[in-house]
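Notes follow once the structure below has been shown.
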Amino acid sequence: MTTFLAACVVASIPLLFATVGELITEKAGNTNLGVEGMMLMGAVMAFITSYNTGSALLTVIVAVVAGAVGAFLYAFLTISLRANQIVTGLTLTIFGTGFAKFVGQPYLGKGVPASVTAVFAKKPIPLLSDIPAFGKIFFNQDIFVYFAYLICIGFAIYMYRTRMGVNLKAVGENTAAADASGINVMLYKYVHVLIGGALCGLGGAYLSVVRVPLWQEDIVNGRGWIAVALVIFVAWNPIKAFFGSILFGGLSILGMQLQVMGVSFSQYIFDMVPYLCTILIVIFSTSSKRKEGQAPADLSNNYFREER
Amino acid sequence: MQFRISKRGDIPRKQEILIRVIAICLSIIFAGIILLAFGLNPINIFGTIIKGSVGSEIRIRQTAMRCIPLLITSLGIIVAFKMKFWNIGAEGQITMGAFGATWVALNLSDSLPMPVMIILMMIAATICGGIWAFIPAIFKAKMGTNETIFTLMMNYIAIKFVTYLQYGPWMDPTQGGFPKIAKFPANAVLPSVLGVNIGWIFAIIFVVLVYLFMNHTKKGYEIAVVGESVETARYAGMNISRIIIVSTIISGGLCGIAGMIQASAIEKTLIAGIAGGYGFTAIIPAWLSRLNAITCFFVCVAFAMLIQGGTYLQVSLGISSAVASVVQGLILFFVLGSEFFLQYKISFGQAKKEVA
């Protein structure tokens, strides 16, 4: 059981990075549907870097940069040029998918060099990993996983306990008022969209460099889209994002686990479960009338000062 | 130097076309730069794409065959997008349309006259594709559920469902253990006209129908009003839920027919990957044509050339056919960016202050 739960945590990491990334983006009032594309861009560039240089540090840097470059395309078009956010995000996904296929073609089926996998191997944290059950599940993991914990906690503190976090909330809830109160709205939007993209890039890199670690064209396989839905499910809260990702990471590997345990059913029917759950989440979270946990009020609206 | 941005009124048609042409040229130049960065000769690549798409009679036919599903799906997307219903579930609607057509083809008697069979398959495809769009639509209309995620998840469910059929109950035992669904009987295969399956005639008819529907009927007008402002529509006494549901069923039904054509004329059976990405690609021509059915026809022809040319690139030079989607994405990026210059005017200097 602990082995299975530890595997759930591993399966959740790409989702977690992407979910927190999209969450931050949406907090600044932008819906970026390019998550899948940015993850693929991060995944392919990180893989190529690790394959050619064997350097783990470079791999991570390139993943971050690749995701951020994708996000920059989106940010420039939607924030500066006020293009439609939905269509721009979709285009980013189409572009990113094509880009990853094109650039990754010579690397199909190749593996990550040992010097990189060694750095990203499981490294138990002293003391914490000795906690019965709990330690095995959460603190006998790789660096990416620990970094993901820090990201969740860090963003929760940033969003709820700092002045900048409050400003960010203002930008997403009422851009015009935030602008009037002297917040640099453009800067806030750009920075958070770019950070969001960088996190998506990391999520993709985790798949291609640590989790799989081979290059396959369909390596992200819809996880970017599930992340977009998870943001709604976790009500724009980075701590809830942690648990939401584990739940969905678990669902994605439960099918295999049950077959190992000898429960017989069609795997293909079970493969539908995460997608069905996502639909249920979207239905329930949009139908609730609670004040908290709703989308930022100015989400998806482009801001133009002169039209205020 | 300072510059200020202001909204501009209507812009002359000539200038509008000029801005769009510049955007497309820039996107192709930019694509060339990317190709150069990966050590490929862009002139060679673009030349091969053109040669591969219209270089011979066979290739022109291939291009036409790729244009058919793309165009019909784009038309379906136009109907939904006009209402700002972000239907990105075309991939699933195509798959389910193909499923409906296959069910008819494999279960009805193979002695049925072909036209009857084709019409029945078409009806089944429209219903199945329509249902797949109706499910998210009813939630959107009644509960305000986010349709983007919903339609998208329906794609995965449709594809997994067909995979299940292909590996399970519909697996053809005569295929020697290969997970394949039985081939269509001869009366369920679309005939060819001028060497291309008859789908191209359907596609042209749909272009005209969708154009007339969107621009010259009351329903089409209502769809546009709901898209512009739900408040206005409500104030005018329109039944918004009904408009949402009817137009998404039309949207999904068209995508379903695209699926039927792919199953009947191209694969002659049902496979899980029947939609082949057309459902996503079709979003680009729909938007590029500014949701106009006639313009969409021309954009789809150009995109079909890119796709066919991309495949030829893979065969002849061994370069991934994904080059086509990179170029497509870039074109849309630049056109999206260019829309800013259609709506806003940038004036440099501080002219305003000097006047004051």
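Naming scheme: A, B, ... for chains in displayed order of the structure tokens; residues 1 onward per chain; ligands 1 onward as shown.
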For chain B against chain A, which residues fall within 7 Å using only C-alpha atoms, given as a list of chain:residue names?
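Those within range of chain A come out as B:Met143, B:Gly144, B:Thr145, B:Asn146, B:Ile149, B:Phe150, B:Met153, B:Tyr156, B:Ile157, B:Lys160, B:Phe161, B:Thr163, B:Tyr164, B:Ser320, B:Ala322, B:Val323, B:Ser325, B:Val326, B:Gly329, B:Leu332, B:Leu336, B:Gly337, B:Phe340.
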Since we have the selection now, will you write its residues out, keeping C-alpha atoms, as a PDB file, in the first residue's frame?
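As written to disk, result_34.pdb reads:
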ATOM      1  CA  MET B 143     -25.692  25.315 -15.162  1.00  0.00           C
ATOM      2  CA  GLY B 144     -23.082  27.531 -16.794  1.00  0.00           C
ATOM      3  CA  THR B 145     -20.486  24.746 -16.775  1.00  0.00           C
ATOM      4  CA  ASN B 146     -17.153  25.580 -18.416  1.00  0.00           C
ATOM      5  CA  ILE B 149     -12.642  21.535 -20.367  1.00  0.00           C
ATOM      6  CA  PHE B 150     -15.858  19.557 -20.772  1.00  0.00           C
ATOM      7  CA  MET B 153     -12.480  15.614 -21.851  1.00  0.00           C
ATOM      8  CA  TYR B 156     -10.508  11.420 -24.557  1.00  0.00           C
ATOM      9  CA  ILE B 157     -13.603   9.505 -23.539  1.00  0.00           C
ATOM     10  CA  LYS B 160     -10.907   5.419 -25.206  1.00  0.00           C
ATOM     11  CA  PHE B 161     -14.386   4.132 -25.996  1.00  0.00           C
ATOM     12  CA  THR B 163     -10.185   1.762 -28.392  1.00  0.00           C
ATOM     13  CA  TYR B 164     -12.252  -0.430 -26.077  1.00  0.00           C
ATOM     14  CA  SER B 320       8.894  15.127 -39.282  1.00  0.00           C
ATOM     15  CA  ALA B 322       4.972  18.059 -37.588  1.00  0.00           C
ATOM     16  CA  VAL B 323       6.708  20.930 -39.437  1.00  0.00           C
ATOM     17  CA  SER B 325       1.705  22.122 -37.378  1.00  0.00           C
ATOM     18  CA  VAL B 326       4.602  24.357 -36.336  1.00  0.00           C
ATOM     19  CA  GLY B 329       0.670  27.572 -35.170  1.00  0.00           C
ATOM     20  CA  LEU B 332      -2.189  31.862 -36.235  1.00  0.00           C
ATOM     21  CA  LEU B 336      -3.812  36.928 -33.737  1.00  0.00           C
ATOM     22  CA  GLY B 337      -1.176  39.571 -33.130  1.00  0.00           C
ATOM     23  CA  PHE B 340      -4.430  44.343 -32.585  1.00  0.00           C
TER      24      PHE B 340
END
Among region 50-249 of chain B, which residues carry a DSSP assignment of helix (DSSP H, G or I), reported as a ChimeraX atom specification?
/B:50-54,57-81,90-107,114-143,147-167,173-175,186-188,199-216,218-228,230-235,240-249
Can you tell me which residues surround Val212 (chain A) at a distance of at most 12 Å, considering only C-alpha atoms, apart from same-chain residues fewer than 3 positions away, and format the answer as a list in words?
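Those residues are Val10, Ala11, Pro14, Ala43, Phe47, Gly109, Lys110, Gly111, Val112, Thr117, Gly204, Ala205, Tyr206, Leu207, Ser208, Val209, Trp215, Gln216, Glu217, Asp218, Ile219 and Val220 of chain A.
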Prev. selection, N, CA and C atoms, output as a PDB file, in the first residue's frame:
ATOM      1  N   VAL A  10       4.523  10.225  -7.100  1.00  0.00           N
ATOM      2  CA  VAL A  10       5.345  10.402  -8.303  1.00  0.00           C
ATOM      3  C   VAL A  10       4.463  10.762  -9.498  1.00  0.00           C
ATOM      4  N   ALA A  11       3.335  10.044  -9.636  1.00  0.00           N
ATOM      5  CA  ALA A  11       2.446  10.294 -10.780  1.00  0.00           C
ATOM      6  C   ALA A  11       1.835  11.684 -10.711  1.00  0.00           C
ATOM      7  N   PRO A  14       4.012  15.839 -12.239  1.00  0.00           N
ATOM      8  CA  PRO A  14       3.819  16.669 -13.437  1.00  0.00           C
ATOM      9  C   PRO A  14       2.519  17.467 -13.360  1.00  0.00           C
ATOM     10  N   ALA A  43       9.286  19.467 -21.928  1.00  0.00           N
ATOM     11  CA  ALA A  43       9.687  18.054 -21.932  1.00  0.00           C
ATOM     12  C   ALA A  43      10.727  17.797 -23.017  1.00  0.00           C
ATOM     13  N   PHE A  47      14.706  17.077 -22.414  1.00  0.00           N
ATOM     14  CA  PHE A  47      15.247  15.777 -22.803  1.00  0.00           C
ATOM     15  C   PHE A  47      16.470  15.939 -23.691  1.00  0.00           C
ATOM     16  N   GLY A 109      12.629   7.313 -28.658  1.00  0.00           N
ATOM     17  CA  GLY A 109      13.055   6.046 -28.075  1.00  0.00           C
ATOM     18  C   GLY A 109      14.408   6.084 -27.397  1.00  0.00           C
ATOM     19  N   LYS A 110      15.112   7.237 -27.490  1.00  0.00           N
ATOM     20  CA  LYS A 110      16.410   7.331 -26.816  1.00  0.00           C
ATOM     21  C   LYS A 110      16.203   7.535 -25.307  1.00  0.00           C
ATOM     22  N   GLY A 111      17.241   7.254 -24.518  1.00  0.00           N
ATOM     23  CA  GLY A 111      17.119   7.330 -23.069  1.00  0.00           C
ATOM     24  C   GLY A 111      17.920   8.477 -22.471  1.00  0.00           C
ATOM     25  N   VAL A 112      17.642   8.761 -21.208  1.00  0.00           N
ATOM     26  CA  VAL A 112      18.355   9.828 -20.494  1.00  0.00           C
ATOM     27  C   VAL A 112      19.688   9.266 -19.988  1.00  0.00           C
ATOM     28  N   THR A 117      20.156  10.726 -14.616  1.00  0.00           N
ATOM     29  CA  THR A 117      19.243   9.918 -13.794  1.00  0.00           C
ATOM     30  C   THR A 117      19.786   9.754 -12.375  1.00  0.00           C
ATOM     31  N   GLY A 204       6.631  19.137 -17.540  1.00  0.00           N
ATOM     32  CA  GLY A 204       6.921  18.328 -18.727  1.00  0.00           C
ATOM     33  C   GLY A 204       8.264  17.639 -18.603  1.00  0.00           C
ATOM     34  N   ALA A 205       9.273  18.388 -18.102  1.00  0.00           N
ATOM     35  CA  ALA A 205      10.618  17.826 -17.965  1.00  0.00           C
ATOM     36  C   ALA A 205      10.619  16.643 -17.009  1.00  0.00           C
ATOM     37  N   TYR A 206       9.801  16.723 -15.961  1.00  0.00           N
ATOM     38  CA  TYR A 206       9.750  15.617 -15.001  1.00  0.00           C
ATOM     39  C   TYR A 206       9.334  14.333 -15.721  1.00  0.00           C
ATOM     40  N   LEU A 207       8.378  14.471 -16.649  1.00  0.00           N
ATOM     41  CA  LEU A 207       7.917  13.298 -17.392  1.00  0.00           C
ATOM     42  C   LEU A 207       9.026  12.718 -18.263  1.00  0.00           C
ATOM     43  N   SER A 208       9.679  13.589 -19.056  1.00  0.00           N
ATOM     44  CA  SER A 208      10.606  13.051 -20.053  1.00  0.00           C
ATOM     45  C   SER A 208      11.951  12.675 -19.450  1.00  0.00           C
ATOM     46  N   VAL A 209      12.345  13.335 -18.367  1.00  0.00           N
ATOM     47  CA  VAL A 209      13.688  13.094 -17.831  1.00  0.00           C
ATOM     48  C   VAL A 209      13.681  12.144 -16.636  1.00  0.00           C
ATOM     49  N   TRP A 215      12.355   9.381 -24.677  1.00  0.00           N
ATOM     50  CA  TRP A 215      11.552  10.357 -25.406  1.00  0.00           C
ATOM     51  C   TRP A 215      10.443   9.660 -26.191  1.00  0.00           C
ATOM     52  N   GLN A 216       9.194  10.054 -25.921  1.00  0.00           N
ATOM     53  CA  GLN A 216       8.031   9.585 -26.682  1.00  0.00           C
ATOM     54  C   GLN A 216       7.227  10.808 -27.077  1.00  0.00           C
ATOM     55  N   GLU A 217       6.609  10.741 -28.260  1.00  0.00           N
ATOM     56  CA  GLU A 217       5.891  11.922 -28.739  1.00  0.00           C
ATOM     57  C   GLU A 217       4.689  12.282 -27.862  1.00  0.00           C
ATOM     58  N   ASP A 218       3.978  11.243 -27.377  1.00  0.00           N
ATOM     59  CA  ASP A 218       2.751  11.544 -26.622  1.00  0.00           C
ATOM     60  C   ASP A 218       3.007  11.483 -25.124  1.00  0.00           C
ATOM     61  N   ILE A 219       4.184  11.974 -24.738  1.00  0.00           N
ATOM     62  CA  ILE A 219       4.614  11.796 -23.350  1.00  0.00           C
ATOM     63  C   ILE A 219       3.710  12.535 -22.353  1.00  0.00           C
ATOM     64  N   VAL A 220       3.164  13.671 -22.754  1.00  0.00           N
ATOM     65  CA  VAL A 220       2.341  14.455 -21.815  1.00  0.00           C
ATOM     66  C   VAL A 220       0.910  13.925 -21.791  1.00  0.00           C
TER      67      VAL A 220
END
Residues within 10 Å of region 280-290 of chain B, please, as a PyMOL selection string. Count only C-alpha atoms; anything in the same chain fewer than 5 positions from it doesn't count.
(chain A and resi 87+90-91+93-94) or (chain B and resi 20+69-79+81-82+86-91+275+295-303+307+325+328-329+331-333+335-336)
Taking 4 positions as the minimum chain separation for residues in the same chain, which residues sit within 10 Å of region 143-151 of chain A when counting only C-alpha atoms? Answer as a PyMOL selection string.
chain A and resi 9-10+12-14+16-17+20-21+60+119-125+138-139+155-157+199+202-203+205-206+210+238-239+242
Residues within 10 Å of Ile183 (chain A), please, as a PyMOL selection string. Count only C-alpha atoms; anything in the same chain fewer than 5 positions from it doesn't count.
chain A and resi 164+167-168+170-171+175-178+188
Would you list the contacts of region 114-123 of chain B as an mmCIF file with C-alpha atoms, in the first residue's frame, taking every protein, DNA or RNA residue within 9 Å and counting only C-alpha atoms, but skipping same-chain residues closer than 5 positions in sequence?
data_model
loop_
_atom_site.group_PDB
_atom_site.id
_atom_site.type_symbol
_atom_site.label_atom_id
_atom_site.label_comp_id
_atom_site.auth_asym_id
_atom_site.auth_seq_id
_atom_site.Cartn_x
_atom_site.Cartn_y
_atom_site.Cartn_z
ATOM 1 C CA GLY B 97 -19.641 10.266 -35.797
ATOM 2 C CA ALA B 98 -17.408 7.588 -37.236
ATOM 3 C CA GLY B 100 -22.287 5.861 -35.487
ATOM 4 C CA ALA B 101 -21.582 5.365 -39.178
ATOM 5 C CA THR B 102 -19.677 2.161 -38.453
ATOM 6 C CA TRP B 103 -22.483 0.747 -36.363
ATOM 7 C CA VAL B 104 -24.872 1.264 -39.305
ATOM 8 C CA ALA B 105 -22.403 -0.064 -41.867
ATOM 9 C CA LEU B 108 -27.504 -3.286 -41.578
ATOM 10 C CA CYS B 128 -23.734 10.556 -32.511
ATOM 11 C CA ALA B 186 -18.953 -2.350 -50.493
ATOM 12 C CA ASN B 187 -22.306 -0.563 -50.223
ATOM 13 C CA ALA B 188 -21.070 1.450 -47.211
ATOM 14 C CA VAL B 189 -18.000 2.876 -48.928
ATOM 15 C CA LEU B 190 -18.391 6.385 -50.353
ATOM 16 C CA GLY B 253 -23.320 16.962 -36.166
ATOM 17 C CA GLY B 256 -19.748 13.726 -36.910
ATOM 18 C CA ILE B 257 -20.244 13.749 -40.683
ATOM 19 C CA MET B 260 -18.298 9.298 -41.186
ATOM 20 C CA ILE B 261 -16.446 10.381 -44.339
ATOM 21 C CA SER B 264 -16.238 5.242 -44.964
#
Find the residue from A:Asn184, A:Cys152, A:Ala118, A:Gly29 that sits nearest to Phe243 (chain A); use only C-alpha atoms when measuring.
A:Cys152
CA of Gly252 (chain B) to CA of Ala133 (chain B) measures 5.0 Å
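Residue nearest Tyr160 (chain A) within the list A:Val116, A:Met38, A:Asn237, A:Lys136: A:Asn237 [criterion: smallest interatomic distance, only C-alpha atoms].
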Using only C-alpha atoms, which of A:Ala198, A:Ala6, A:Met41, A:Ile153 sits nearest Ala68 (chain A)?
A:Ala198
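Of the residues listed (B:Leu18, B:Ala233, B:Leu254, B:Ala124), B:Leu254 shows the shortest atom-to-atom separation from Leu209 (chain B); distances use only C-alpha atoms.
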